[in-house]
Amino acid sequence: MARSMTYGDYLALGTLLDAQRPISDHPDEPLFIAMHQTQELWMKQAIHELEQALALIRADRLAEVYKVLARVSRIQSVMTASWDVLTTMTAIDYTRFRDVLGTSSGFQSDQFRTIEVMMGFRGGPRHGPMTHAAAAKPSLWDEANAALARAGLPVPNAALARDWAAPYVPDPGVEAAWTSVYRDERRWWSLYQLAEKLVDLDESFASWRHKHVLTVSRIIGHKRGTGGTGVHYLESTLPLRAFPELWSLRTLL
């Protein structure tokens, strides 16, 4: 007979709930810790889903990937909404325990950088082994372009056989191939739906970045963050898109 399993056992609540360990005695520090820990938990799940999405696209199982990408977009929406909880902590509240953070910063999150790299952002900093491993493989955008080529559309070879670790450079030929999909969506329905799910994902990620900028600006203004960055750096990332041709092609339609 299987041993009895409790709710706490299954979720390892003893370990999970013991992981919040404030250093100061300020009452808002537990919120700061819980906020970032829950973001990391959601990032872990997002990475798991993105790994599935990459495998499904490689196998041309596009109908199955739609749900997975939709789930990642929903995860990002939850992460974005969670910034609203942190904004209940005022600038003065934060200054009273900020010094205990030392040089630690969300800028150093290996999981966040891994999500960036898996989606297609290859020009940012890389802080850990997960990020470096992901950068050695095709991104979600690389795999989508490969699927486009396998379907018979003329994708430039430069986009199919490139240095995966290098930043992706938008290609007019890639834009033209995806534009063909949009102009005859009934013929290319599976690719059209894939493209729209990717745009949803990109938009959700951009929304997370935007809310992050607003939250940081509200709490620390334009001071440098604990990791050496700040609002100016975060604002510079707002125009970035993981799937640039899916945005630029709309001007051509």
# chains A, B, ... in the order shown; residues from 1 in each chain; ligands from 1
call {"tool": "residues_around", "arguments": {"residues": "Pro30 (chain A)", "least_positions_apart": "5", "cutoff": "12 Å", "atoms": "only C-alpha atoms", "output": "list in words"}}
result
Leu17, Asp18, Ala19, Gln20, Arg21, Pro22, Ile23, Ser24, Asp25, Met35, His36, Gln37, Leu86, Met89, Tyr94 and Phe97 of chain A
call {"tool": "write_last_selection", "arguments": {"atoms": "N, CA, C and O atoms", "output": "short mmCIF file (atom, residue, chain, number, x, y, z; two decimals), in the first residue's frame"}}
result
data_model
loop_
_atom_site.label_atom_id
_atom_site.label_comp_id
_atom_site.auth_asym_id
_atom_site.auth_seq_id
_atom_site.Cartn_x
_atom_site.Cartn_y
_atom_site.Cartn_z
N LEU A 17 7.94 27.07 2.37
CA LEU A 17 7.58 28.16 3.27
C LEU A 17 8.73 28.56 4.21
O LEU A 17 8.65 29.59 4.88
N ASP A 18 9.78 27.74 4.22
CA ASP A 18 10.96 28.09 5.01
C ASP A 18 11.97 28.89 4.20
O ASP A 18 13.00 29.30 4.70
N ALA A 19 11.62 29.13 2.92
CA ALA A 19 12.56 29.80 2.03
C ALA A 19 12.50 31.32 2.12
O ALA A 19 13.31 32.01 1.52
N GLN A 20 11.53 31.85 2.85
CA GLN A 20 11.42 33.30 3.01
C GLN A 20 12.17 33.70 4.29
O GLN A 20 11.67 33.47 5.40
N ARG A 21 13.35 34.27 4.12
CA ARG A 21 14.20 34.56 5.27
C ARG A 21 14.69 36.01 5.25
O ARG A 21 15.79 36.29 4.76
N PRO A 22 13.87 36.93 5.75
CA PRO A 22 14.27 38.34 5.78
C PRO A 22 15.55 38.54 6.58
O PRO A 22 15.81 37.83 7.56
N ILE A 23 16.32 39.52 6.16
CA ILE A 23 17.56 39.85 6.86
C ILE A 23 17.33 41.02 7.81
O ILE A 23 17.93 41.09 8.88
N SER A 24 16.45 41.94 7.40
CA SER A 24 16.14 43.08 8.25
C SER A 24 14.90 42.77 9.08
O SER A 24 14.28 41.71 8.94
N ASP A 25 14.50 43.73 9.91
CA ASP A 25 13.26 43.57 10.67
C ASP A 25 12.15 44.45 10.10
O ASP A 25 11.11 44.65 10.73
N MET A 35 7.56 38.16 -3.48
CA MET A 35 7.31 38.62 -4.84
C MET A 35 8.32 38.04 -5.81
O MET A 35 7.99 37.46 -6.85
N HIS A 36 9.59 38.15 -5.47
CA HIS A 36 10.64 37.68 -6.38
C HIS A 36 10.73 36.16 -6.41
O HIS A 36 11.03 35.57 -7.45
N GLN A 37 10.47 35.51 -5.30
CA GLN A 37 10.48 34.05 -5.31
C GLN A 37 9.35 33.48 -6.16
O GLN A 37 9.55 32.52 -6.90
N LEU A 86 3.58 44.60 -5.39
CA LEU A 86 4.81 45.22 -4.92
C LEU A 86 4.69 46.73 -4.84
O LEU A 86 5.32 47.37 -3.99
N MET A 89 4.26 48.80 -1.70
CA MET A 89 5.42 49.17 -0.89
C MET A 89 5.94 50.50 -1.40
O MET A 89 6.26 50.63 -2.58
N TYR A 94 11.02 50.89 0.99
CA TYR A 94 12.13 50.14 0.37
C TYR A 94 13.49 50.63 0.86
O TYR A 94 14.39 49.83 1.14
N PHE A 97 15.16 48.98 4.02
CA PHE A 97 15.83 47.67 4.08
C PHE A 97 16.67 47.40 2.84
O PHE A 97 17.28 46.34 2.72
#
call {"tool": "closest_atom_pairs", "arguments": {"of": "region 96-125 of chain A", "to": "region 160-169 of chain A", "cutoff": "7 Å", "atoms": "only C-alpha atoms", "output": "CSV"}}
result
residue,atom,partner,partner_atom,distance
A:Phe121,CA,A:Pro167,CA,6.9
A:Arg122,CA,A:Pro167,CA,4.5
A:Gly123,CA,A:Pro167,CA,4.9
call {"tool": "residues_around", "arguments": {"residues": "Glu245 (chain A)", "least_positions_apart": "6", "cutoff": "9 Å", "atoms": "only C-alpha atoms", "output": "MDAnalysis selection string"}}
result
chainID A and resid 170:172 174:176 178:179
call {"tool": "write_last_selection", "arguments": {"atoms": "C-alpha atoms", "output": "PDB file, in the first residue's frame"}}
result
ATOM      1  CA  PRO A 170      15.921  40.983 -38.853  1.00  0.00           C
ATOM      2  CA  ASP A 171      15.896  39.780 -42.449  1.00  0.00           C
ATOM      3  CA  PRO A 172      13.710  41.178 -45.263  1.00  0.00           C
ATOM      4  CA  VAL A 174      12.078  36.295 -43.442  1.00  0.00           C
ATOM      5  CA  GLU A 175       9.616  39.173 -43.351  1.00  0.00           C
ATOM      6  CA  ALA A 176       8.537  38.414 -46.936  1.00  0.00           C
ATOM      7  CA  TRP A 178       5.836  35.400 -43.138  1.00  0.00           C
ATOM      8  CA  THR A 179       3.979  38.090 -45.088  1.00  0.00           C
TER       9      THR A 179
END
call {"tool": "closest_residue", "arguments": {"among": "A:Leu252, A:Leu140, A:Leu41, A:Ala53", "to": "Met118 (chain A)", "atoms": "only C-alpha atoms"}}
result
A:Leu140
call {"tool": "select_by_dssp", "arguments": {"residues": "region 177-252 of chain A", "states": "alpha helix (DSSP H)", "output": "number ranges by chain"}}
result
A: 177-183, 189-220, 231-236, 244-248
call {"tool": "residues_around", "arguments": {"residues": "Met43 (chain A)", "least_positions_apart": "2", "cutoff": "9 Å", "atoms": "only C-alpha atoms", "output": "JSON, numbers by chain"}}
result
{"A": [38, 39, 40, 41, 45, 46, 47, 48, 75, 76, 79, 111, 112, 115]}
call {"tool": "write_last_selection", "arguments": {"atoms": "N, CA, C and O atoms", "output": "short mmCIF file (atom, residue, chain, number, x, y, z; two decimals), in the first residue's frame"}}
result
data_model
loop_
_atom_site.label_atom_id
_atom_site.label_comp_id
_atom_site.auth_asym_id
_atom_site.auth_seq_id
_atom_site.Cartn_x
_atom_site.Cartn_y
_atom_site.Cartn_z
N THR A 38 8.16 34.07 -6.06
CA THR A 38 7.06 33.57 -6.88
C THR A 38 7.31 33.84 -8.36
O THR A 38 6.96 33.02 -9.22
N GLN A 39 7.95 34.96 -8.67
CA GLN A 39 8.31 35.22 -10.06
C GLN A 39 9.27 34.13 -10.57
O GLN A 39 9.14 33.64 -11.69
N GLU A 40 10.22 33.75 -9.73
CA GLU A 40 11.17 32.71 -10.14
C GLU A 40 10.46 31.35 -10.33
O GLU A 40 10.81 30.58 -11.22
N LEU A 41 9.46 31.06 -9.48
CA LEU A 41 8.69 29.82 -9.66
C LEU A 41 7.93 29.83 -10.98
O LEU A 41 7.90 28.83 -11.70
N GLN A 45 8.37 27.41 -14.49
CA GLN A 45 7.30 26.78 -15.26
C GLN A 45 7.31 27.25 -16.72
O GLN A 45 7.09 26.46 -17.64
N ALA A 46 7.57 28.54 -16.93
CA ALA A 46 7.64 29.06 -18.30
C ALA A 46 8.75 28.39 -19.09
O ALA A 46 8.56 28.06 -20.28
N ILE A 47 9.89 28.17 -18.47
CA ILE A 47 11.00 27.49 -19.15
C ILE A 47 10.59 26.07 -19.52
O ILE A 47 10.86 25.59 -20.63
N HIS A 48 9.93 25.38 -18.61
CA HIS A 48 9.43 24.03 -18.88
C HIS A 48 8.49 24.04 -20.09
O HIS A 48 8.60 23.18 -20.99
N ILE A 75 1.07 32.83 -18.09
CA ILE A 75 2.04 32.90 -16.99
C ILE A 75 2.64 34.31 -16.93
O ILE A 75 2.75 34.92 -15.85
N GLN A 76 2.99 34.84 -18.09
CA GLN A 76 3.57 36.18 -18.13
C GLN A 76 2.57 37.23 -17.63
O GLN A 76 2.94 38.20 -16.96
N MET A 79 2.58 37.13 -13.91
CA MET A 79 3.80 37.77 -13.42
C MET A 79 3.69 39.29 -13.52
O MET A 79 4.14 40.02 -12.62
N GLN A 111 17.25 32.41 -14.68
CA GLN A 111 16.01 31.94 -15.30
C GLN A 111 15.41 33.02 -16.21
O GLN A 111 14.93 32.70 -17.31
N PHE A 112 15.42 34.27 -15.77
CA PHE A 112 14.88 35.33 -16.62
C PHE A 112 15.68 35.45 -17.90
O PHE A 112 15.12 35.56 -19.00
N ILE A 115 14.79 32.64 -20.29
CA ILE A 115 13.54 32.88 -21.03
C ILE A 115 13.80 33.85 -22.18
O ILE A 115 13.34 33.62 -23.31
#
call {"tool": "atom_distance", "arguments": {"atom1": "CA of Ser73 (chain A)", "atom2": "CA of Phe205 (chain A)"}}
result
7.7 Å
call {"tool": "closest_residue", "arguments": {"among": "A:Gly124, A:Gly14, A:Gly152, A:Gly173", "to": "Trp188 (chain A)", "atoms": "only C-alpha atoms"}}
result
A:Gly152
call {"tool": "residues_around", "arguments": {"residues": "Val231 (chain A)", "least_positions_apart": "4", "cutoff": "12 Å", "atoms": "only C-alpha atoms", "output": "number ranges by chain"}}
result
A: 107, 209-227, 235-238
call {"tool": "closest_residue", "arguments": {"among": "A:Leu249, A:Ser180, A:Glu196, A:Ala144", "to": "Ile57 (chain A)", "atoms": "only C-alpha atoms"}}
result
A:Ala144
call {"tool": "decode", "arguments": {"residues": "region 150-171 of chain A", "atoms": "C-alpha atoms", "output": "PDB file, in the first residue's frame"}}
result
ATOM      1  CA  ARG A 150      10.042  23.046 -44.141  1.00  0.00           C
ATOM      2  CA  ALA A 151       6.542  24.049 -45.240  1.00  0.00           C
ATOM      3  CA  GLY A 152       8.004  25.222 -48.543  1.00  0.00           C
ATOM      4  CA  LEU A 153       8.263  28.969 -48.070  1.00  0.00           C
ATOM      5  CA  PRO A 154      11.470  30.731 -49.201  1.00  0.00           C
ATOM      6  CA  VAL A 155      13.334  31.479 -45.986  1.00  0.00           C
ATOM      7  CA  PRO A 156      16.874  32.876 -46.474  1.00  0.00           C
ATOM      8  CA  ASN A 157      19.608  30.428 -45.569  1.00  0.00           C
ATOM      9  CA  ALA A 158      21.223  33.086 -43.399  1.00  0.00           C
ATOM     10  CA  ALA A 159      18.284  32.735 -41.009  1.00  0.00           C
ATOM     11  CA  LEU A 160      18.417  28.932 -41.010  1.00  0.00           C
ATOM     12  CA  ALA A 161      22.131  28.260 -40.608  1.00  0.00           C
ATOM     13  CA  ARG A 162      23.453  30.953 -38.339  1.00  0.00           C
ATOM     14  CA  ASP A 163      25.451  31.240 -35.135  1.00  0.00           C
ATOM     15  CA  TRP A 164      22.676  30.553 -32.616  1.00  0.00           C
ATOM     16  CA  ALA A 165      24.466  32.418 -29.840  1.00  0.00           C
ATOM     17  CA  ALA A 166      24.738  35.605 -31.902  1.00  0.00           C
ATOM     18  CA  PRO A 167      22.040  38.301 -31.789  1.00  0.00           C
ATOM     19  CA  TYR A 168      19.363  37.766 -34.403  1.00  0.00           C
ATOM     20  CA  VAL A 169      19.318  40.365 -37.192  1.00  0.00           C
ATOM     21  CA  PRO A 170      15.921  40.983 -38.853  1.00  0.00           C
ATOM     22  CA  ASP A 171      15.896  39.780 -42.449  1.00  0.00           C
TER      23      ASP A 171
END
